[in-house]
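Down below is the structure, laid out as structure tokens.
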Amino acid sequence: MTDTTVHPSAVIEAGAEIGAGCEIGPFCHIGPQVRLGAGSRLRSHVAIWGNTQIGAGAQIWPFASLGHAPQHLKYRGEDTRLVIGDNCLIREHVTMNPGTVQGRSETTIGDNCAFFTGAHVAHDCDIERNVTLINNVMLAGHCTIGQYATIAGGSGIHQFTRIGHHAYVGGLAAVEGDVIPFGMVLGNRAYLSGLNVIGMKRAGFDRHAIRNVRKAYRMLFSDDLTFKENMDEVQSEFPDDPLVQDLMGFIRSGGDRALCFPRHSQHS
């Protein structure tokens with residue numbers, strides 16, 4: 001634990017691995033299977049347990065609870081994991097659970113993610129890099145969140161739901177269906193309200209790329225044809241566009257949940 005500082009009131013169980021340059025604040029508790037990456041800072045009252053791996057540069061604020069037993073009635077103490085990437089921000093009262101043997105046996109968090117006060121990540125979720133969960137977001141088990149997605153405050157995401165990359169979920173939304181990449185959903189129950197164009201611009205997509213995705217979106221959710229026919233039309237119109245084909249791949253790959261559709265669509 002070279003250059004690591006540990007407050008006298010903190011408890012680090014034998015077997016825990018603490019990287020160089022960490023700061024462990026007052027009343028933190030770190031379990032024997034925990035691996036904490038270099039340069040991480042635990043402000044105070046942080047509880048980390050179980051088979052939990054946290055990457056370098058984590059910033060973890062008071063009363064976060066990471067790696068404790070999943071909220072799953074069939075859990076019987078199996079050795080499942082929570083893996084958190086580098087440079088993640090975890091604010092007050094965030095909870096993250098490991099996986100279950102009924103699922104992936106692992107919950108994974110990518111690099112550079114931000115979890116604001118009271119956000120919850122349930123068992124077996126897979127969160128890619130640069131995802132943001134605002135205050136009190138609730139992810140049920142087995143959710144998949146694509147890179148650069150943002151989920152606004154108070155939203156609830158149904159188990160097994162997929163949120164595509166660069167998608168935006170509006171505040172207080174109740175999401176029961178998969179959200180397409182670049183999609184924006186609002187409401188209870190959530191409906192597809194358009195594209196997250198602001199997010200696409202911030203991510204550096206140029207006007208041509210955004211224009212093509214917009215046109216593909218309008219074609220996909222047109223009421224003139226069936227959804228399958230619309231998909232064929234989009235495929236024919238944009239056979240070589242990487243963003244459109246990525247969106248189409250998300251739809252074709254399917255999942256356990258139906259897609260979110262716009263309210264006007266006959267396909268919803």
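We label chains A, B, ... in the order they appear in the structure tokens, count residues from 1 in each chain, and number ligands from 1 in the order shown.
The neighbours of A:Ala167 here are the residues that come within 10 Å of it, using only C-alpha atoms and leaving out any residue fewer than 3 positions away in the same chain; they are A:Val131, A:Ile145, A:Gly146, A:Gln147, A:Tyr148, A:Ala149, A:Thr150, A:Ile151, A:Ile163, A:Gly164, A:Gly170, A:Val179, A:Ile180, A:Pro181, A:Phe182, A:Gly183, A:Met184, A:Val185, A:Leu195, A:Asn196, A:Val197, A:Gly199, A:Met200.
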Can you pull out the residues contacting A:Asp3? Cut-off 8 Å, using only C-alpha atoms, and skip same-chain residues under 5 positions away; I want them as a list in words.
Ala20, Gly21 and Cys22 of chain A
Please return, as a PyMOL selection string, all residues of stretch 19-189 of chain A that DSSP assigns to strand (DSSP E) on the basis of the backbone.
chain A and resi 23-24+29-30+35-36+41-42+47-48+51-54+59-60+65-66+81-84+89-90+95-96+106-109+114-115+120-121+126-127+132-133+138-139+144-145+150-151+156-157+162-163+168-169+174-175+183-186
Determine, for each residue of stretch 14-130 of chain A having at least one atom at most 12 Å from an atom of stretch 154-159 of chain A, the closest pair of atoms and their separation in Å to one decimal, counting only C-alpha atoms; order by chain and ascending number, as a tab-separated table.
residue	atom	partner	partner_atom	distance
A:Gly103	CA	A:Gln159	CA	11.6
A:Phe116	CA	A:Gly154	CA	10.9
A:Thr117	CA	A:Gly154	CA	10.5
A:Gly118	CA	A:Gly154	CA	9.3
A:Ala119	CA	A:Gly154	CA	8.6
A:His120	CA	A:Gly156	CA	9.7
A:Val121	CA	A:Ile157	CA	10.1
A:Ala122	CA	A:Gln159	CA	9.0
A:His123	CA	A:Gln159	CA	9.8
A:Asp124	CA	A:Gln159	CA	9.9
A:Cys125	CA	A:Gln159	CA	9.0
A:Asp126	CA	A:Gln159	CA	11.8
Spatial neighbours of A:Asn97, max dist 8 Å, only C-alpha atoms, sep filter under 6 positions, as an MDAnalysis selection string:
chainID A and resid 66:71 82 107 121:123
Output file for the residues above (all heavy atoms, as a short mmCIF file (atom, residue, chain, number, x, y, z; two decimals), in the first residue's frame):
data_model
loop_
_atom_site.label_atom_id
_atom_site.label_comp_id
_atom_site.auth_asym_id
_atom_site.auth_seq_id
_atom_site.Cartn_x
_atom_site.Cartn_y
_atom_site.Cartn_z
N LEU A 66 -20.95 -1.26 -1.87
CA LEU A 66 -20.55 -1.93 -3.10
C LEU A 66 -20.20 -3.39 -2.82
O LEU A 66 -19.41 -3.69 -1.92
CB LEU A 66 -19.33 -1.23 -3.71
CG LEU A 66 -19.42 0.30 -3.86
CD1 LEU A 66 -18.10 0.86 -4.38
CD2 LEU A 66 -20.56 0.68 -4.78
N GLY A 67 -20.79 -4.29 -3.59
CA GLY A 67 -20.40 -5.69 -3.53
C GLY A 67 -21.09 -6.55 -2.49
O GLY A 67 -20.78 -7.74 -2.38
N HIS A 68 -22.01 -5.99 -1.74
CA HIS A 68 -22.74 -6.81 -0.77
C HIS A 68 -23.75 -7.70 -1.50
O HIS A 68 -24.02 -7.52 -2.68
CB HIS A 68 -23.43 -5.91 0.25
CG HIS A 68 -22.47 -5.22 1.16
ND1 HIS A 68 -21.79 -4.07 0.80
CD2 HIS A 68 -22.04 -5.51 2.41
CE1 HIS A 68 -21.00 -3.69 1.79
NE2 HIS A 68 -21.13 -4.55 2.79
N ALA A 69 -24.30 -8.65 -0.78
CA ALA A 69 -25.13 -9.70 -1.38
C ALA A 69 -26.22 -9.12 -2.28
O ALA A 69 -26.88 -8.14 -1.92
CB ALA A 69 -25.77 -10.55 -0.28
N PRO A 70 -26.42 -9.72 -3.45
CA PRO A 70 -27.46 -9.22 -4.36
C PRO A 70 -28.85 -9.37 -3.76
O PRO A 70 -29.11 -10.26 -2.94
CB PRO A 70 -27.30 -10.12 -5.60
CG PRO A 70 -26.61 -11.34 -5.11
CD PRO A 70 -25.72 -10.89 -4.00
N GLN A 71 -29.74 -8.50 -4.17
CA GLN A 71 -31.12 -8.54 -3.71
C GLN A 71 -31.90 -9.54 -4.58
O GLN A 71 -32.67 -9.16 -5.47
CB GLN A 71 -31.72 -7.14 -3.77
CG GLN A 71 -30.99 -6.17 -2.85
CD GLN A 71 -31.53 -4.76 -2.93
OE1 GLN A 71 -32.53 -4.43 -2.32
NE2 GLN A 71 -30.86 -3.93 -3.70
N LEU A 82 -18.39 -8.39 -8.56
CA LEU A 82 -18.66 -7.03 -9.02
C LEU A 82 -17.35 -6.47 -9.53
O LEU A 82 -16.34 -6.45 -8.80
CB LEU A 82 -19.19 -6.17 -7.87
CG LEU A 82 -19.28 -4.65 -8.14
CD1 LEU A 82 -20.27 -4.33 -9.25
CD2 LEU A 82 -19.65 -3.90 -6.85
N THR A 107 -21.49 -8.61 -12.15
CA THR A 107 -21.98 -7.28 -12.53
C THR A 107 -20.77 -6.48 -12.97
O THR A 107 -19.74 -6.46 -12.28
CB THR A 107 -22.67 -6.59 -11.34
OG1 THR A 107 -23.79 -7.37 -10.93
CG2 THR A 107 -23.14 -5.19 -11.71
N VAL A 121 -27.46 -0.18 -8.85
CA VAL A 121 -27.14 -1.11 -9.93
C VAL A 121 -27.34 -2.52 -9.38
O VAL A 121 -26.60 -2.97 -8.50
CB VAL A 121 -25.70 -0.95 -10.43
CG1 VAL A 121 -25.39 -1.96 -11.52
CG2 VAL A 121 -25.48 0.48 -10.94
N ALA A 122 -28.34 -3.22 -9.89
CA ALA A 122 -28.68 -4.55 -9.38
C ALA A 122 -27.79 -5.63 -9.99
O ALA A 122 -26.94 -5.37 -10.85
CB ALA A 122 -30.15 -4.85 -9.64
N HIS A 123 -28.01 -6.85 -9.54
CA HIS A 123 -27.20 -7.99 -9.94
C HIS A 123 -27.22 -8.23 -11.45
O HIS A 123 -28.21 -8.00 -12.13
CB HIS A 123 -27.70 -9.26 -9.23
CG HIS A 123 -29.15 -9.55 -9.50
ND1 HIS A 123 -29.58 -10.29 -10.57
CD2 HIS A 123 -30.27 -9.20 -8.82
CE1 HIS A 123 -30.89 -10.39 -10.56
NE2 HIS A 123 -31.34 -9.73 -9.51
#
DSSP-assigned helix (DSSP H, G or I) members of stretch 77-266 of chain A, reported as an NGL selection string
:A and (197-202 or 207-220 or 227-237 or 242-253)
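Taking atom CA of A:Pro98 and atom CA of A:Ala56 as the two end points, the separation is 19.0 Å.
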Separation of atom CA of A:Gln235 and atom CA of A:Ala216, in Å?
9.0 Å
